[in-house]
file structure-v9.txt (compact mmCIF, C-alpha atoms)
# COMPACT_ATOMS: atom_id res chain seq x y z
CA MET C 299 73.12 131.27 9.36
CA THR C 300 74.33 129.21 12.29
CA THR C 301 75.38 130.51 15.63
CA THR C 302 77.54 128.84 18.24
CA VAL C 303 76.30 129.09 21.78
CA ALA C 304 78.94 128.85 24.52
CA PRO C 305 78.18 126.38 27.30
CA PRO C 306 76.88 128.03 30.43
CA VAL C 307 79.49 128.76 33.09
CA SER C 308 78.76 126.88 36.28
CA SER C 309 78.05 129.27 39.13
CA ALA C 310 77.89 126.57 41.82
CA PRO C 311 79.82 127.52 44.97
CA ARG C 312 83.02 125.73 45.76
CA LYS C 313 82.57 122.85 48.17
CA LEU C 314 83.92 123.72 51.61
CA VAL C 315 85.86 121.22 53.67
CA LYS C 316 85.10 121.09 57.37
CA ARG C 317 88.08 121.35 59.69
CA ARG C 318 88.71 122.18 63.30
CA PRO C 319 90.33 125.55 64.12
CA SER C 320 93.17 123.78 65.92
CA GLU C 321 93.85 121.34 63.05
CA THR C 322 97.09 122.00 61.21
CA THR C 323 98.11 120.97 57.71
CA ARG C 324 101.32 121.12 55.74
CA GLN C 325 100.32 124.48 54.30
CA ASP C 326 99.72 125.84 57.81
CA ARG C 327 103.17 124.75 58.93
CA LEU C 328 104.78 126.28 55.85
CA ALA C 329 102.88 129.52 56.46
CA ALA C 330 104.09 129.59 60.09
CA LEU C 331 107.66 128.95 58.94
CA GLY C 332 107.39 131.75 56.40
CA CYS C 333 106.08 134.13 59.07
CA ALA C 334 109.01 133.22 61.33
CA VAL C 335 111.58 133.83 58.58
CA SER C 336 109.91 137.11 57.56
CA ALA C 337 109.77 138.31 61.18
CA THR C 338 113.44 137.47 61.67
CA LEU C 339 114.56 139.31 58.51
CA LEU C 340 112.36 142.31 59.24
CA THR C 341 113.70 142.51 62.80
CA TRP C 342 117.27 142.42 61.53
CA PHE C 343 116.50 145.15 58.97
CA VAL C 344 114.78 147.46 61.46
CA MET C 345 116.87 146.85 64.59
CA HIS C 346 120.31 146.69 62.99
CA LEU C 347 120.10 148.75 59.78
CA LEU C 348 117.60 151.45 60.65
CA LEU C 349 118.10 151.52 64.42
CA ASP C 350 120.80 150.69 66.95
CA SER C 351 119.69 147.51 68.68
CA PRO C 352 120.24 147.48 72.48
CA GLY C 353 120.84 143.72 72.53
CA TRP C 354 119.65 140.25 71.61
CA LEU C 355 116.79 140.32 74.11
CA ALA C 356 115.21 143.32 72.39
CA ASP C 357 115.67 141.61 69.01
CA LEU C 358 113.96 138.49 70.32
CA ILE C 359 110.98 140.41 71.72
CA VAL C 360 110.49 142.42 68.52
CA ALA C 361 110.81 139.34 66.32
CA TYR C 362 108.32 137.43 68.47
CA LEU C 363 105.74 140.23 68.34
CA LEU C 364 106.17 140.57 64.58
CA TYR C 365 105.78 136.81 64.20
CA LEU C 366 102.51 136.85 66.14
CA ALA C 367 101.14 139.71 64.06
CA MET C 368 102.13 138.09 60.76
CA LEU C 369 100.79 134.70 61.80
CA TYR C 370 97.43 136.20 62.76
CA LEU C 371 97.07 138.18 59.52
CA VAL C 372 98.13 135.29 57.27
CA THR C 373 95.88 132.78 59.04
CA ARG C 374 92.93 135.18 59.02
CA ASP C 375 93.33 135.73 55.29
CA ARG C 376 93.50 131.97 54.61
CA LEU C 377 91.16 130.42 57.17
CA GLY C 378 89.14 133.17 58.79
CA ARG C 379 89.03 135.05 62.06
CA LEU C 380 88.17 132.09 64.30
CA ALA C 381 91.10 129.96 63.14
CA ALA C 382 93.43 132.99 63.34
CA SER C 383 92.44 133.71 66.93
CA ASP C 384 92.84 130.05 67.86
CA ARG C 385 96.27 129.87 66.20
CA LEU C 386 97.40 133.08 67.94
CA VAL C 387 96.35 131.94 71.42
CA SER C 388 97.83 128.46 70.87
CA THR C 389 101.14 129.99 69.82
CA ILE C 390 101.25 132.20 72.91
CA VAL C 391 100.45 129.27 75.21
CA VAL C 392 103.07 127.01 73.64
CA SER C 393 105.63 129.82 73.78
CA GLY C 394 104.94 130.35 77.47
CA ALA C 395 105.31 126.64 78.17
CA LEU C 396 108.62 126.54 76.33
CA THR C 397 109.80 129.65 78.16
CA LEU C 398 109.24 127.86 81.47
CA LEU C 399 110.52 124.50 80.24
CA VAL C 400 113.87 125.70 78.91
CA PRO C 401 115.19 127.07 82.26
CA LEU C 402 113.95 123.95 84.03
CA LEU C 403 115.73 121.65 81.59
CA PHE C 404 118.84 123.80 81.83
CA LEU C 405 118.80 123.56 85.63
CA LEU C 406 118.25 119.80 85.63
CA THR C 407 120.95 119.28 83.02
CA TYR C 408 123.41 121.42 84.95
CA ILE C 409 122.80 119.51 88.19
CA VAL C 410 123.12 116.16 86.44
CA ILE C 411 126.39 117.21 84.77
CA GLU C 412 127.84 118.51 88.03
CA GLY C 413 126.61 115.76 90.34
CA ALA C 414 126.30 112.52 88.36
CA PRO C 415 130.08 111.91 87.87
CA TYR C 416 130.61 111.89 91.66
CA LEU C 417 127.51 110.00 92.79
CA ARG C 418 128.41 106.57 94.15
CA LEU C 419 126.51 103.87 95.98
CA GLY C 420 128.46 104.83 99.09
CA PHE C 421 126.39 108.02 99.29
CA PHE C 422 123.49 105.87 100.55
CA THR C 423 125.52 103.71 102.95
CA HIS C 424 127.38 106.11 105.28
CA ASP C 425 127.24 109.63 106.66
CA MET C 426 129.74 112.52 106.72
CA SER C 427 131.04 112.01 110.25
CA ALA C 428 134.24 110.30 109.05
CA VAL C 429 134.70 112.25 105.78
CA ALA C 430 137.23 115.09 105.78
CA PRO C 431 136.90 118.20 103.56
CA THR C 432 140.02 117.19 101.64
CA ASP C 433 138.70 113.70 100.81
CA PRO C 434 137.62 113.09 97.21
CA VAL C 435 134.06 113.97 96.26
CA THR C 436 133.27 110.31 95.56
CA ALA C 437 133.67 109.63 99.30
CA THR C 438 130.62 111.78 100.08
CA GLY C 439 128.09 110.13 102.39
CA GLY C 440 124.48 111.24 102.60
CA LEU C 441 122.68 108.44 104.39
CA HIS C 442 121.92 110.71 107.36
CA ALA C 443 120.43 113.36 105.06
CA VAL C 444 118.28 110.89 103.11
CA VAL C 445 116.93 109.33 106.31
CA GLY C 446 116.20 112.74 107.79
CA THR C 447 114.35 113.93 104.69
CA LEU C 448 112.26 110.76 104.46
CA GLN C 449 111.35 110.85 108.14
CA GLN C 450 110.48 114.55 108.17
CA THR C 451 108.44 114.27 104.97
CA ALA C 452 106.59 111.20 106.24
CA LEU C 453 105.77 112.85 109.58
CA THR C 454 104.61 115.97 107.76
CA LEU C 455 102.25 113.87 105.63
CA VAL C 456 100.93 112.19 108.79
CA PHE C 457 99.96 115.60 110.14
CA VAL C 458 98.92 117.32 106.93
CA VAL C 459 96.86 114.74 105.01
CA PRO C 460 94.17 114.19 107.70
CA LEU C 461 94.04 117.87 108.64
CA GLY C 462 93.99 119.08 105.04
CA VAL C 463 91.33 116.62 103.89
CA LEU C 464 89.12 117.25 106.93
CA THR C 465 89.43 121.00 106.50
CA ALA C 466 88.53 120.75 102.82
CA ILE C 467 85.53 118.56 103.70
CA PHE C 468 84.47 121.12 106.30
CA LEU C 469 84.66 123.91 103.73
CA ASN C 470 82.68 122.02 101.07
CA GLU C 471 80.33 119.58 102.76
CA THR C 472 79.04 121.61 105.71
CA ARG C 473 77.01 124.78 106.10
CA SER C 474 78.74 126.08 109.19
CA ARG C 475 79.04 129.82 109.71
CA PHE C 476 82.75 129.33 110.45
CA ARG C 477 83.51 128.28 106.86
CA ARG C 478 84.30 131.80 105.71
CA PRO C 479 86.81 132.58 108.53
CA VAL C 480 88.50 129.21 107.99
CA ARG C 481 88.75 129.77 104.23
CA ILE C 482 90.24 133.24 104.81
CA MET C 483 92.77 131.75 107.22
CA VAL C 484 93.77 129.04 104.73
CA ASP C 485 94.19 131.58 101.95
CA ALA C 486 96.26 133.82 104.22
CA MET C 487 98.53 130.93 105.24
CA SER C 488 99.12 130.08 101.58
CA GLY C 489 101.26 133.19 101.27
CA LEU C 490 103.20 132.55 104.47
CA PRO C 491 106.97 132.64 103.85
CA SER C 492 108.58 129.39 104.89
CA ILE C 493 111.20 131.17 106.99
CA VAL C 494 108.41 132.72 109.08
CA ALA C 495 107.10 129.23 109.84
CA GLY C 496 110.57 128.22 111.05
CA LEU C 497 110.92 131.36 113.14
CA PHE C 498 107.49 130.76 114.71
CA ILE C 499 108.38 127.22 115.79
CA TYR C 500 111.77 128.48 117.00
CA ALA C 501 110.27 131.27 119.10
CA ALA C 502 107.16 129.46 120.33
CA LEU C 503 108.54 125.99 121.08
CA ILE C 504 112.31 125.65 120.81
CA ILE C 505 113.43 128.61 122.93
CA PRO C 506 110.98 127.86 125.79
CA GLY C 507 111.78 124.15 125.50
CA ILE C 508 115.53 124.72 125.78
CA GLN C 509 115.04 127.04 128.74
CA ALA C 510 112.81 124.49 130.46
CA GLY C 511 115.14 121.61 129.65
CA VAL C 512 112.53 119.68 127.66
CA GLY C 513 114.40 117.59 125.09
CA LEU C 514 111.39 117.09 122.85
CA PHE C 515 111.09 120.85 122.27
CA SER C 516 114.64 121.38 121.08
CA TYR C 517 116.50 121.14 117.78
CA ASN C 518 115.21 117.91 116.22
CA GLY C 519 113.28 116.49 113.31
CA LEU C 520 109.90 116.91 115.02
CA MET C 521 110.30 120.68 115.18
CA ALA C 522 111.23 120.67 111.50
CA THR C 523 108.11 118.60 110.82
CA LEU C 524 105.90 121.15 112.58
CA ALA C 525 107.41 123.99 110.54
CA LEU C 526 106.97 122.06 107.30
CA THR C 527 103.39 121.26 108.31
CA MET C 528 102.60 124.97 108.48
CA VAL C 529 103.99 125.37 104.96
CA MET C 530 102.36 122.29 103.43
CA LEU C 531 98.91 122.40 105.03
CA PRO C 532 97.47 125.35 103.03
CA THR C 533 98.63 123.85 99.73
CA VAL C 534 96.97 120.49 100.38
CA THR C 535 93.82 122.06 101.81
CA ARG C 536 93.25 124.41 98.89
CA THR C 537 93.93 121.72 96.30
CA VAL C 538 91.58 119.20 97.94
CA ASP C 539 89.01 121.97 98.29
CA VAL C 540 89.07 122.57 94.54
CA VAL C 541 88.93 118.83 93.82
CA LEU C 542 85.89 118.28 96.04
CA ARG C 543 84.07 121.08 94.24
CA LEU C 544 84.45 119.14 91.00
CA VAL C 545 82.58 116.11 92.34
CA PRO C 546 79.10 116.21 90.73
CA ASP C 547 76.30 117.11 93.12
CA GLY C 548 74.21 114.36 91.57
CA LEU C 549 76.37 111.73 93.28
CA ARG C 550 75.77 113.33 96.66
CA GLU C 551 72.04 113.67 96.03
CA ALA C 552 71.76 110.05 94.90
CA SER C 553 73.53 108.81 98.01
CA LEU C 554 71.38 110.93 100.31
CA ALA C 555 68.23 109.83 98.48
CA LEU C 556 69.13 106.19 99.17
CA GLY C 557 69.15 106.93 102.90
CA ALA C 558 72.88 107.39 103.55
CA SER C 559 73.97 109.99 106.06
CA ARG C 560 76.03 112.96 104.98
CA ALA C 561 79.12 111.54 106.68
CA ARG C 562 78.63 108.20 104.92
CA THR C 563 78.15 110.02 101.62
CA VAL C 564 81.41 111.88 102.03
CA TRP C 565 83.32 108.76 103.06
CA SER C 566 81.88 106.31 100.52
CA VAL C 567 81.04 108.53 97.53
CA VAL C 568 82.79 111.90 97.54
CA LEU C 569 86.29 110.88 98.67
CA PRO C 570 86.59 107.78 96.39
CA THR C 571 85.51 109.92 93.44
CA ALA C 572 88.11 112.55 94.28
CA ARG C 573 90.90 110.10 95.13
CA THR C 574 93.06 110.99 92.14
CA GLY C 575 92.73 114.69 92.94
CA VAL C 576 93.63 114.11 96.58
CA THR C 577 96.74 112.27 95.44
CA THR C 578 97.63 115.24 93.26
CA ALA C 579 97.22 117.48 96.30
CA VAL C 580 99.64 115.31 98.25
CA ILE C 581 102.14 115.45 95.38
CA LEU C 582 101.92 119.24 95.29
CA GLY C 583 102.41 119.33 99.04
CA ILE C 584 105.53 117.17 98.81
CA ALA C 585 106.87 119.41 96.07
CA ARG C 586 106.21 122.42 98.29
CA VAL C 587 108.22 121.23 101.28
CA ALA C 588 110.75 118.67 100.01
CA GLY C 589 113.26 121.34 99.03
CA GLU C 590 112.62 123.81 101.85
CA THR C 591 115.75 124.92 103.66
CA ALA C 592 114.89 128.13 105.54
CA PRO C 593 112.55 126.63 108.19
CA LEU C 594 115.02 123.80 108.85
CA LEU C 595 117.81 126.20 109.78
CA PHE C 596 115.86 127.20 112.92
CA THR C 597 114.36 123.82 113.79
CA SER C 598 116.33 120.67 112.91
CA PHE C 599 119.68 122.57 112.77
CA GLY C 600 121.44 119.75 110.90
CA SER C 601 124.23 117.34 111.74
CA LEU C 602 127.09 115.52 110.02
CA ALA C 603 126.36 112.29 111.89
CA MET C 604 123.53 109.81 111.54
CA ASN C 605 120.44 110.46 113.67
CA ALA C 606 117.51 108.15 112.97
CA ASN C 607 115.45 109.50 115.89
CA PRO C 608 113.50 112.58 114.75
CA PHE C 609 112.37 113.30 118.32
CA SER C 610 115.81 113.88 119.81
CA ALA C 611 118.93 115.84 118.84
CA PRO C 612 119.61 117.77 115.60
CA GLN C 613 118.85 115.94 112.39
CA GLU C 614 120.17 116.46 108.88
CA SER C 615 118.11 116.63 105.68
CA ILE C 616 119.06 116.86 102.02
CA PRO C 617 118.22 120.60 101.68
CA LEU C 618 120.43 121.34 104.69
CA PHE C 619 123.09 119.04 103.24
CA ILE C 620 123.07 121.04 100.00
CA PHE C 621 123.11 124.38 101.80
CA ARG C 622 125.95 123.29 104.07
CA PHE C 623 128.36 122.34 101.27
CA ILE C 624 127.37 124.57 98.36
CA LYS C 625 128.33 127.74 100.27
CA GLN C 626 131.88 126.53 101.00
CA PRO C 627 134.79 128.09 99.05
CA LEU C 628 136.47 124.77 98.19
CA GLU C 629 135.46 123.35 94.81
CA ASN C 630 135.46 119.70 95.91
CA VAL C 631 133.22 120.59 98.85
CA GLN C 632 130.83 122.42 96.55
CA GLN C 633 130.64 119.31 94.38
CA ARG C 634 129.19 117.47 97.39
CA GLY C 635 126.32 119.95 97.32
CA TYR C 636 125.63 119.17 93.66
CA VAL C 637 125.60 115.46 94.48
CA GLY C 638 123.04 116.15 97.20
CA ALA C 639 120.94 118.23 94.78
CA LEU C 640 120.91 115.37 92.29
CA VAL C 641 119.83 112.91 94.97
CA LEU C 642 117.08 115.31 96.09
CA ILE C 643 115.70 115.49 92.55
CA LEU C 644 115.78 111.71 92.21
CA LEU C 645 114.09 111.34 95.59
CA ILE C 646 111.29 113.74 94.68
CA PHE C 647 110.74 111.97 91.37
CA GLY C 648 110.57 108.66 93.24
CA LEU C 649 108.01 110.01 95.72
CA PHE C 650 105.95 111.40 92.85
CA ALA C 651 105.99 108.04 91.10
CA ILE C 652 104.87 106.23 94.26
CA ALA C 653 102.07 108.74 94.84
CA ARG C 654 100.90 108.39 91.25
CA ILE C 655 100.86 104.59 91.46
CA VAL C 656 98.92 104.65 94.73
CA GLY C 657 96.39 107.22 93.51
CA ARG C 658 95.87 106.03 89.93
CA ASP C 659 92.35 105.48 88.69
CA ARG C 660 91.46 101.79 88.95
CA SER C 661 87.82 102.11 87.93
CA LYS C 662 88.46 101.27 84.27
CA ARG C 663 90.51 98.21 85.22
CA LYS C 664 87.80 97.00 87.58
CA ALA C 665 85.13 97.54 84.93
CA LYS C 666 87.22 95.60 82.42
CA ARG C 667 87.68 92.68 84.83
CA THR C 668 83.96 92.66 85.60
CA LYS C 669 83.15 92.61 81.91
CA GLU C 670 85.58 89.72 81.32
CA ASN C 671 84.11 87.72 84.22
CA ARG C 672 80.66 88.10 82.74
call {"tool": "encode", "arguments": {"input": "structure-v9.txt", "output": "structure tokens"}}
result
Amino acid sequence: MTTTVAPPVSSAPRKLVKRRPSETTRQDRLAALGCAVSATLLTWFVMHLLLDSPGWLADLIVAYLLYLAMLYLVTRDRLGRLAASDRLVSTIVVSGALTLLVPLLFLLTYIVIEGAPYLRLGFFTHDMSAVAPTDPVTATGGLHAVVGTLQQTALTLVFVVPLGVLTAIFLNETRSRFRRPVRIMVDAMSGLPSIVAGLFIYAALIIPGIQAGVGLFSYNGLMATLALTMVMLPTVTRTVDVVLRLVPDGLREASLALGASRARTVWSVVLPTARTGVTTAVILGIARVAGETAPLLFTSFGSLAMNANPFSAPQESIPLFIFRFIKQPLENVQQRGYVGALVLILLIFGLFAIARIVGRDRSKRKAKRTKENR
């Protein structure tokens, strides 16, 4: 009698494939798409068939929360808890970025649509002293505003960059007992409303200067610069402070061990290492003050004519130019404000580009050249 013996069933575990939690495949994308469709259909069923939906915003919030819950459960069942948590947090972060990006793109698109058709080269060649309100929008001149903005921003940087960098160095590289009061003062000034800075300069310098007949302490670009300095200084100081903290202590210790003084270490080691971060601080400072209007209403006052001397007489700037025309009831006059807003955006982008080029990291390029020379 013969018997047939079945081959033994292999009990070897399935081979696992290593993958990062953040890595996505085609199946992951299809699963996310299925969760989105399911959340949308379930929201429609619950909010419109079972309940009376209060509006599209409520539908969007409910659908988004359902999508997050479904995505987490599906990913946890397929890939485990770690990948599900990573996918959930990544989705929330990307959603937040898109939520901030969409209004920004809408604003930029709106300004470009409203201002680009009327922007001409003549905007940069003449002022508004000879332009009447009934003239076409293409006749708008903004040379006086561009010059005023550039001069006021440049003077503000002259005041702020040395003061901000020195203050940050004082807070990080010294052991003075006054560090804590200075840090508290910097943090308190960070929340200072810009209009308060303008009112302070107006009350402390302009009013006494006008009463005493001192032309320097009157409505001019210098007073606007002082107000903008009060607004910009805390931003630059705090950013440079954070950047200097990121410089490894080993670099400082190595420099001091070689016999360099602390001042020489800061100048030759710490600041060159943090150069890119300092440039970022300057960019943030420019972004903080380039579009400020409130402090300029009490300091530079504005003018329709060209004034290239920031130390005498009222001076225009692009934020004041926008404010002056955008509040007018005539449509063609309002269009001049949109043209000024477009120019302000282009000017800020240009300043950012220049700051990035000046502060870019050249260490890799120098190392490459040195390697080629060898």
call {"tool": "residues_around", "arguments": {"input": "structure-v9.txt", "residues": "Pro491 (chain C)", "least_positions_apart": "3", "cutoff": "10 Å", "atoms": "all atoms listed in the file", "output": "list in words"}}
result
Met487, Ser488, Val494, Ala495, Gly496, Met528, Val529, Ala592 and Pro593 of chain C
call {"tool": "atom_distance", "arguments": {"input": "structure-v9.txt", "atom1": "CA of Phe621 (chain C)", "atom2": "CA of Met521 (chain C)"}}
result
18.9 Å
call {"tool": "closest_residue", "arguments": {"input": "structure-v9.txt", "among": "C:Thr574, C:Ser427, C:Thr533, C:Gln632", "to": "Met604 (chain C)", "atoms": "all atoms listed in the file"}}
result
C:Ser427
call {"tool": "residues_around", "arguments": {"input": "structure-v9.txt", "residues": "Leu328 (chain C)", "least_positions_apart": "6", "cutoff": "12 Å", "atoms": "all atoms listed in the file", "output": "list in words"}}
result
Thr322, Ala334, Val335, Leu369, Val372 and Thr373 of chain C
call {"tool": "closest_atom_pairs", "arguments": {"input": "structure-v9.txt", "of": "region 602-668 of chain C", "to": "region 435-449 of chain C", "cutoff": "12 Å", "atoms": "all atoms listed in the file", "output": "JSON lines"}}
result
{"residue": "C:Leu602", "atom": "CA", "partner": "C:His442", "partner_atom": "CA", "distance": 7.5}
{"residue": "C:Ala603", "atom": "CA", "partner": "C:His442", "partner_atom": "CA", "distance": 6.5}
{"residue": "C:Met604", "atom": "CA", "partner": "C:His442", "partner_atom": "CA", "distance": 4.6}
{"residue": "C:Asn605", "atom": "CA", "partner": "C:His442", "partner_atom": "CA", "distance": 6.5}
{"residue": "C:Ala606", "atom": "CA", "partner": "C:Val445", "partner_atom": "CA", "distance": 6.8}
{"residue": "C:Asn607", "atom": "CA", "partner": "C:Gly446", "partner_atom": "CA", "distance": 8.8}
{"residue": "C:Pro608", "atom": "CA", "partner": "C:Gln449", "partner_atom": "CA", "distance": 7.2}
{"residue": "C:Phe609", "atom": "CA", "partner": "C:Gln449", "partner_atom": "CA", "distance": 10.5}
{"residue": "C:Ala611", "atom": "CA", "partner": "C:Gly446", "partner_atom": "CA", "distance": 11.8}
{"residue": "C:Pro612", "atom": "CA", "partner": "C:Gly446", "partner_atom": "CA", "distance": 9.9}
{"residue": "C:Gln613", "atom": "CA", "partner": "C:Gly446", "partner_atom": "CA", "distance": 6.2}
{"residue": "C:Glu614", "atom": "CA", "partner": "C:Ala443", "partner_atom": "CA", "distance": 4.9}
{"residue": "C:Ser615", "atom": "CA", "partner": "C:Ala443", "partner_atom": "CA", "distance": 4.1}
{"residue": "C:Ile616", "atom": "CA", "partner": "C:Ala443", "partner_atom": "CA", "distance": 4.8}
{"residue": "C:Pro617", "atom": "CA", "partner": "C:Thr447", "partner_atom": "CA", "distance": 8.3}
{"residue": "C:Leu618", "atom": "CA", "partner": "C:Ala443", "partner_atom": "CA", "distance": 8.0}
{"residue": "C:Phe619", "atom": "CA", "partner": "C:Ala443", "partner_atom": "CA", "distance": 6.5}
{"residue": "C:Ile620", "atom": "CA", "partner": "C:Ala443", "partner_atom": "CA", "distance": 9.6}
{"residue": "C:Phe621", "atom": "CA", "partner": "C:Ala443", "partner_atom": "CA", "distance": 11.8}
{"residue": "C:Arg622", "atom": "CA", "partner": "C:Ala443", "partner_atom": "CA", "distance": 11.4}
{"residue": "C:Phe623", "atom": "CA", "partner": "C:Thr438", "partner_atom": "CA", "distance": 10.9}
{"residue": "C:Leu628", "atom": "CA", "partner": "C:Val435", "partner_atom": "CA", "distance": 11.2}
{"residue": "C:Glu629", "atom": "CA", "partner": "C:Val435", "partner_atom": "CA", "distance": 9.6}
{"residue": "C:Asn630", "atom": "CA", "partner": "C:Val435", "partner_atom": "CA", "distance": 5.9}
{"residue": "C:Val631", "atom": "CA", "partner": "C:Val435", "partner_atom": "CA", "distance": 7.2}
{"residue": "C:Gln632", "atom": "CA", "partner": "C:Val435", "partner_atom": "CA", "distance": 9.1}
{"residue": "C:Gln633", "atom": "CA", "partner": "C:Val435", "partner_atom": "CA", "distance": 6.6}
{"residue": "C:Arg634", "atom": "CA", "partner": "C:Val435", "partner_atom": "CA", "distance": 6.1}
{"residue": "C:Gly635", "atom": "CA", "partner": "C:Thr438", "partner_atom": "CA", "distance": 9.6}
{"residue": "C:Tyr636", "atom": "CA", "partner": "C:Val435", "partner_atom": "CA", "distance": 10.2}
{"residue": "C:Val637", "atom": "CA", "partner": "C:Thr438", "partner_atom": "CA", "distance": 8.4}
{"residue": "C:Gly638", "atom": "CA", "partner": "C:Gly440", "partner_atom": "CA", "distance": 7.4}
{"residue": "C:Ala639", "atom": "CA", "partner": "C:Gly440", "partner_atom": "CA", "distance": 11.1}
{"residue": "C:Leu640", "atom": "CA", "partner": "C:Gly440", "partner_atom": "CA", "distance": 11.7}
{"residue": "C:Val641", "atom": "CA", "partner": "C:Val444", "partner_atom": "CA", "distance": 8.5}
{"residue": "C:Leu642", "atom": "CA", "partner": "C:Val444", "partner_atom": "CA", "distance": 8.4}
{"residue": "C:Ile643", "atom": "CA", "partner": "C:Val444", "partner_atom": "CA", "distance": 11.8}
{"residue": "C:Leu644", "atom": "CA", "partner": "C:Val444", "partner_atom": "CA", "distance": 11.2}
{"residue": "C:Leu645", "atom": "CA", "partner": "C:Val444", "partner_atom": "CA", "distance": 8.6}
{"residue": "C:Ile646", "atom": "CA", "partner": "C:Leu448", "partner_atom": "CA", "distance": 10.3}
{"residue": "C:Gly648", "atom": "CA", "partner": "C:Leu448", "partner_atom": "CA", "distance": 11.5}
{"residue": "C:Leu649", "atom": "CA", "partner": "C:Leu448", "partner_atom": "CA", "distance": 9.7}
